[in-house]
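Some notes on the structure that comes next.
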Amino acid sequence: FYFKIGACRHSDRCSRLHHRPAFSPTILLKHLYRHPVRQAELQAGITNTNNGANPSNIQIDQEKAQEDFLCFFEDLFCELSKFGRIDALHVCDNLGDHMIGHVYCKFRDEEQASDALQVMNGRYYDGRKIDVEFSPVTDFREARCRDFDEDICSRGGYCNFMHIKPVPMPLIRSLEDDCEEDRRLEALKRDEMEASERDRERRKKDRKRSGGSSSTKRDREDRKRSRRHHHHRSSSRRSSSDKGDEDSHHDNDNGGSGGGGSRSRSRSPSSSTNNRRPSSSNKRSYSRSRSRSPSGSKKSEK
């Protein structure tokens with residue numbers, strides 16, 4: 001019976017040995033849900049053990065109780081969905097001390113259930129500490145009370161089978177869609193972080209493989225930049241010299257048709273120096289005149 005329900009009314013005083021599983025896809029959050037009937041009993045200052053008061057005589061606002069339950073279910077579903085996809089989330093409506101407020105959550109994988117147990121165990125919800133353990137329940141069809149589903153259970157809230165509180169199916173579908181979208185966005189963010197980390201590691205490896213530090217890489221970039229700048233300046237100089245040559249040719253053409261003044265301005269420095277330089281024949285005649293002896297000069301005078 002413990003393997004069907006995951007709880008025993010005798011607790012540790014039971015004569016039978018309860019083997020608690022070391023791993024399971026289902027976790028049990030003990031006494032987490034605040035049952036409205038028990039809360040009304042505590043507020044009225046009565047218990048079921050001291051004066052035999054019947055919980056059915058206590059007036060409860062059903063609409064407020066249902067609204068509080070749906071908010072509790074939504075909060076718990078969204079929080080547990082962070083660890084993986086949920087196959088089943090059931091809240092017990094039983095009033096027995098061994099089952100009141102129990103919440104069963106079945107994941108698709110045992111690792112997801114293990115992560116949820118490690119994180120959720122010891123946390124607080126609504127001012128109450130959460131006690132989480134693995135549950136042997138994997139098939140809720142055998143654990144739930146069929147008479148309660150048909151609203152004909154004679155034992156009421158003290159039945160030993162699960163009285164699972166009903167949840168509207170549209171609410172479950174909308175919660176699943178929202179949680180799936182959150183998981184998708186989280187996966188995209190995680191992939192981006194991993195990709196950036198891989199790029200960072202690859203850049204580090206490339207830097208080590210090249211054998212240069214960031215300063216040497218900066219120096220190489222500066223040298224490339226200076227080379228490009230020098231090439232640009234030399235090309236600009238060549239273009240300006242070519243333009244000057246074209247202008248000089250144009251002036252020569254205009255001087256040949258216009259007169260001597262422009263022709264003299266268009267002469268090159270080499271031609272002017274050649275005109276001023278004495279010729280070889282003049283040099284020889286000058287040297288001969290200098291080399292004549294005085295006797296020769298006297299004879300010529302005679």
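Numbering starts fresh at 1 for the residues of each chain in the structure tokens, the chains themselves are lettered A, B, ... in the order given, and ligands are numbered from 1 as they appear.
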Inset, instruction - Compile the contact shell of A:Phe140 as a list of chain:residue names: residues with an atom at most 12 Å away, counting only C-alpha atoms, same-chain residues fewer than 5 positions apart removed. - result: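 Within the cut-off, the hits are A:Phe3, A:Lys4, A:Ile5, A:Gly6, A:Thr26, A:Asp87, A:Ala88, A:Leu89, A:His90, A:Val91, A:Cys92, A:Tyr104, A:Cys105, A:Lys106, A:Ser135, A:Cys145, A:Arg146, A:Phe161, A:Met162, A:His163, A:Ile164.
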Generate a file of the selected residues that holds C-alpha atoms, formatted as an mmCIF file, in the first residue's frame.
```cif
data_model
loop_
_atom_site.group_PDB
_atom_site.id
_atom_site.type_symbol
_atom_site.label_atom_id
_atom_site.label_comp_id
_atom_site.auth_asym_id
_atom_site.auth_seq_id
_atom_site.Cartn_x
_atom_site.Cartn_y
_atom_site.Cartn_z
ATOM 1 C CA PHE A 3 4.184 1.862 -2.895
ATOM 2 C CA LYS A 4 0.736 2.776 -4.236
ATOM 3 C CA ILE A 5 0.161 5.885 -2.136
ATOM 4 C CA GLY A 6 3.630 6.941 -1.043
ATOM 5 C CA THR A 26 8.256 11.545 -8.753
ATOM 6 C CA ASP A 87 4.031 14.845 -16.608
ATOM 7 C CA ALA A 88 1.714 15.197 -13.621
ATOM 8 C CA LEU A 89 1.222 17.605 -10.728
ATOM 9 C CA HIS A 90 -1.369 16.550 -8.155
ATOM 10 C CA VAL A 91 -2.494 18.195 -4.916
ATOM 11 C CA CYS A 92 -4.186 15.995 -2.317
ATOM 12 C CA TYR A 104 3.091 14.976 -5.981
ATOM 13 C CA CYS A 105 5.087 16.034 -9.012
ATOM 14 C CA LYS A 106 6.161 13.558 -11.688
ATOM 15 C CA SER A 135 8.107 9.039 -3.891
ATOM 16 C CA CYS A 145 -9.679 7.216 -5.227
ATOM 17 C CA ARG A 146 -12.132 6.405 -8.005
ATOM 18 C CA PHE A 161 -6.435 6.823 -1.260
ATOM 19 C CA MET A 162 -5.581 10.074 -2.967
ATOM 20 C CA HIS A 163 -8.331 12.634 -3.330
ATOM 21 C CA ILE A 164 -6.752 14.668 -6.113
#
```
Within 12 Å of stretch 65-72 of chain A, which residues of stretch 122-230 of chain A show up? Give each one with its shortest atom-to-atom distance in Å (one decimal) and the two atoms involved, counting only C-alpha atoms, rows by chain then rising residue number, as JSON lines.
```
{"residue": "A:Tyr125", "atom": "CA", "partner": "A:Phe72", "partner_atom": "CA", "distance": 10.1}
{"residue": "A:Asp126", "atom": "CA", "partner": "A:Phe72", "partner_atom": "CA", "distance": 10.0}
{"residue": "A:Lys165", "atom": "CA", "partner": "A:Phe69", "partner_atom": "CA", "distance": 9.1}
{"residue": "A:Pro166", "atom": "CA", "partner": "A:Leu70", "partner_atom": "CA", "distance": 9.9}
{"residue": "A:Val167", "atom": "CA", "partner": "A:Leu70", "partner_atom": "CA", "distance": 7.7}
{"residue": "A:Pro168", "atom": "CA", "partner": "A:Leu70", "partner_atom": "CA", "distance": 9.2}
{"residue": "A:Met169", "atom": "CA", "partner": "A:Leu70", "partner_atom": "CA", "distance": 11.9}
{"residue": "A:Leu171", "atom": "CA", "partner": "A:Leu70", "partner_atom": "CA", "distance": 9.0}
{"residue": "A:Ile172", "atom": "CA", "partner": "A:Leu70", "partner_atom": "CA", "distance": 10.4}
{"residue": "A:Leu175", "atom": "CA", "partner": "A:Leu70", "partner_atom": "CA", "distance": 11.6}
```
Write out the residues from the selection above, keeping N, CA, C and O atoms, as a PDB file, in the first residue's frame.
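The new file part24.pdb reads:
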```pdb
ATOM      1  N   TYR A 125       8.041  28.429   1.432  1.00  0.00           N
ATOM      2  CA  TYR A 125       6.914  28.897   0.629  1.00  0.00           C
ATOM      3  C   TYR A 125       5.807  29.325   1.584  1.00  0.00           C
ATOM      4  O   TYR A 125       5.339  28.531   2.414  1.00  0.00           O
ATOM      5  N   ASP A 126       5.406  30.575   1.446  1.00  0.00           N
ATOM      6  CA  ASP A 126       4.346  31.132   2.291  1.00  0.00           C
ATOM      7  C   ASP A 126       4.680  30.984   3.784  1.00  0.00           C
ATOM      8  O   ASP A 126       3.812  30.691   4.616  1.00  0.00           O
ATOM      9  N   LYS A 165      -7.275  17.024  -6.135  1.00  0.00           N
ATOM     10  CA  LYS A 165      -8.105  18.186  -6.444  1.00  0.00           C
ATOM     11  C   LYS A 165      -8.116  18.416  -7.954  1.00  0.00           C
ATOM     12  O   LYS A 165      -7.066  18.409  -8.600  1.00  0.00           O
ATOM     13  N   PRO A 166      -9.279  18.634  -8.536  1.00  0.00           N
ATOM     14  CA  PRO A 166      -9.354  18.829  -9.990  1.00  0.00           C
ATOM     15  C   PRO A 166      -8.838  20.207 -10.387  1.00  0.00           C
ATOM     16  O   PRO A 166      -9.019  21.204  -9.678  1.00  0.00           O
ATOM     17  N   VAL A 167      -8.192  20.246 -11.565  1.00  0.00           N
ATOM     18  CA  VAL A 167      -7.640  21.491 -12.127  1.00  0.00           C
ATOM     19  C   VAL A 167      -8.181  21.629 -13.545  1.00  0.00           C
ATOM     20  O   VAL A 167      -8.172  20.650 -14.306  1.00  0.00           O
ATOM     21  N   PRO A 168      -8.645  22.811 -13.934  1.00  0.00           N
ATOM     22  CA  PRO A 168      -9.141  22.972 -15.311  1.00  0.00           C
ATOM     23  C   PRO A 168      -8.034  22.692 -16.329  1.00  0.00           C
ATOM     24  O   PRO A 168      -6.901  23.154 -16.194  1.00  0.00           O
ATOM     25  N   MET A 169      -8.404  21.916 -17.328  1.00  0.00           N
ATOM     26  CA  MET A 169      -7.430  21.554 -18.350  1.00  0.00           C
ATOM     27  C   MET A 169      -6.920  22.756 -19.155  1.00  0.00           C
ATOM     28  O   MET A 169      -5.726  22.803 -19.490  1.00  0.00           O
ATOM     29  N   LEU A 171      -6.217  25.667 -18.067  1.00  0.00           N
ATOM     30  CA  LEU A 171      -5.176  26.285 -17.253  1.00  0.00           C
ATOM     31  C   LEU A 171      -3.877  25.507 -17.358  1.00  0.00           C
ATOM     32  O   LEU A 171      -2.784  26.095 -17.477  1.00  0.00           O
ATOM     33  N   ILE A 172      -3.959  24.191 -17.343  1.00  0.00           N
ATOM     34  CA  ILE A 172      -2.751  23.366 -17.452  1.00  0.00           C
ATOM     35  C   ILE A 172      -2.092  23.565 -18.806  1.00  0.00           C
ATOM     36  O   ILE A 172      -0.863  23.688 -18.913  1.00  0.00           O
ATOM     37  N   LEU A 175      -0.357  26.953 -18.921  1.00  0.00           N
ATOM     38  CA  LEU A 175       0.864  26.928 -18.114  1.00  0.00           C
ATOM     39  C   LEU A 175       1.973  26.158 -18.822  1.00  0.00           C
ATOM     40  O   LEU A 175       3.144  26.560 -18.790  1.00  0.00           O
TER      41      LEU A 175
END
```
Inset, instruction - Could you tell me how far atom CA of A:Asp191 lies from atom CA of A:Glu74, in Å and to one decimal? - result: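 Those two atoms sit 28.1 Å apart.
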Inset, instruction - Using only C-alpha atoms, find the one residue out of A:Val37, A:Leu42, A:Leu28, A:Ala143 that sits nearest to A:Tyr2. - result: A:Ala143
Inset, instruction - Determine which residues of stretch 10-249 of chain A receive a DSSP assignment of helix (DSSP H, G or I), computed from the backbone, and state them as a ChimeraX atom specification. - result: /A:11-13,36-44,55-57,62-83,110-120,140-143,146-149,156-158,169-210,214-249
Inset, instruction - Would you kindly return, as a PyMOL selection string, each protein, DNA or RNA residue with an atom no farther than 7 Å from any atom of A:Met99, considering only C-alpha atoms and excluding same-chain residues fewer than 4 positions away? - result: chain A and resi 7+94-95
Please dump the current selection as a PDB file, in the first residue's frame; keep C-alpha atoms.
```pdb
ATOM      1  CA  ALA A   7       2.397   7.561   2.494  1.00  0.00           C
ATOM      2  CA  ASN A  94      -7.289  14.535   1.975  1.00  0.00           C
ATOM      3  CA  LEU A  95      -7.664  15.550   5.623  1.00  0.00           C
TER       4      LEU A  95
END
```
Inset, instruction - Considering only C-alpha atoms, state which residue in the set A:Gln39, A:Ile27, A:Glu150, A:Val137 is at the smallest distance from A:Phe107. - result: A:Ile27
Inset, instruction - Extract the full set of strand (DSSP E or B) residues from stretch 15-244 of chain A according to DSSP on the backbone, and format it as a ChimeraX atom specification. - result: /A:26-30,86-92,103-107,124-125,128-129,131-134,144,162,164
Just to be explicit: take each residue in the selection above, keep C-alpha atoms, and write the result as a short mmCIF file (atom, residue, chain, number, x, y, z; two decimals), in the first residue's frame.
```cif
data_model
loop_
_atom_site.label_atom_id
_atom_site.label_comp_id
_atom_site.auth_asym_id
_atom_site.auth_seq_id
_atom_site.Cartn_x
_atom_site.Cartn_y
_atom_site.Cartn_z
CA THR A 26 8.26 11.54 -8.75
CA ILE A 27 8.93 13.82 -5.82
CA LEU A 28 6.68 14.45 -2.82
CA LEU A 29 6.36 17.88 -1.23
CA LYS A 30 5.01 17.11 2.22
CA ILE A 86 6.14 17.89 -15.83
CA ASP A 87 4.03 14.85 -16.61
CA ALA A 88 1.71 15.20 -13.62
CA LEU A 89 1.22 17.60 -10.73
CA HIS A 90 -1.37 16.55 -8.16
CA VAL A 91 -2.49 18.20 -4.92
CA CYS A 92 -4.19 15.99 -2.32
CA VAL A 103 1.83 17.58 -3.49
CA TYR A 104 3.09 14.98 -5.98
CA CYS A 105 5.09 16.03 -9.01
CA LYS A 106 6.16 13.56 -11.69
CA PHE A 107 8.90 14.58 -14.14
CA TYR A 124 10.32 28.31 2.17
CA TYR A 125 6.91 28.90 0.63
CA ARG A 128 6.57 27.30 5.65
CA LYS A 129 9.65 25.15 5.14
CA ASP A 131 10.19 19.05 2.96
CA VAL A 132 10.87 17.11 -0.27
CA GLU A 133 11.60 13.42 -0.80
CA PHE A 134 11.42 10.85 -3.58
CA ARG A 144 -6.26 7.92 -6.69
CA MET A 162 -5.58 10.07 -2.97
CA ILE A 164 -6.75 14.67 -6.11
#
```
Legend entry - All residues 12 Å or closer to A:Asp182, only C-alpha atoms, same chain fewer than 2 positions away omitted, as a list of chain:residue names: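 Listed by chain and then number, they are A:Cys78, A:Glu79, A:Ser81, A:Lys82, A:Phe83, A:Gly84, A:Arg85, A:Leu175, A:Glu176, A:Asp177, A:Asp178, A:Cys179, A:Glu180, A:Arg184, A:Leu185, A:Glu186, A:Ala187, A:Leu188, A:Lys189.
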Inset, instruction - Between A:Ala22, A:Ala195, A:Cys159, A:Ile152, single out the one closest to A:His98, counting only C-alpha atoms. - result: A:Cys159
Inset, instruction - Would you mind reading off the distance between atom CA of A:Pro136 and atom CA of A:His102, one decimal, in Å? - result: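 One can read the atom CA of A:Pro136 to atom CA of A:His102 distance as 14.0 Å.
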Legend entry - Pick from A:Arg202, A:His31, A:Arg16, A:Arg173, whichever lies nearest to A:Gly101 using only C-alpha atoms: A:His31
Inset, instruction - Return the single residue from A:Thr138, A:Gln112, A:His35, A:Asn160 that is closest to A:Phe1, with distances computed using only C-alpha atoms. - result: A:Asn160
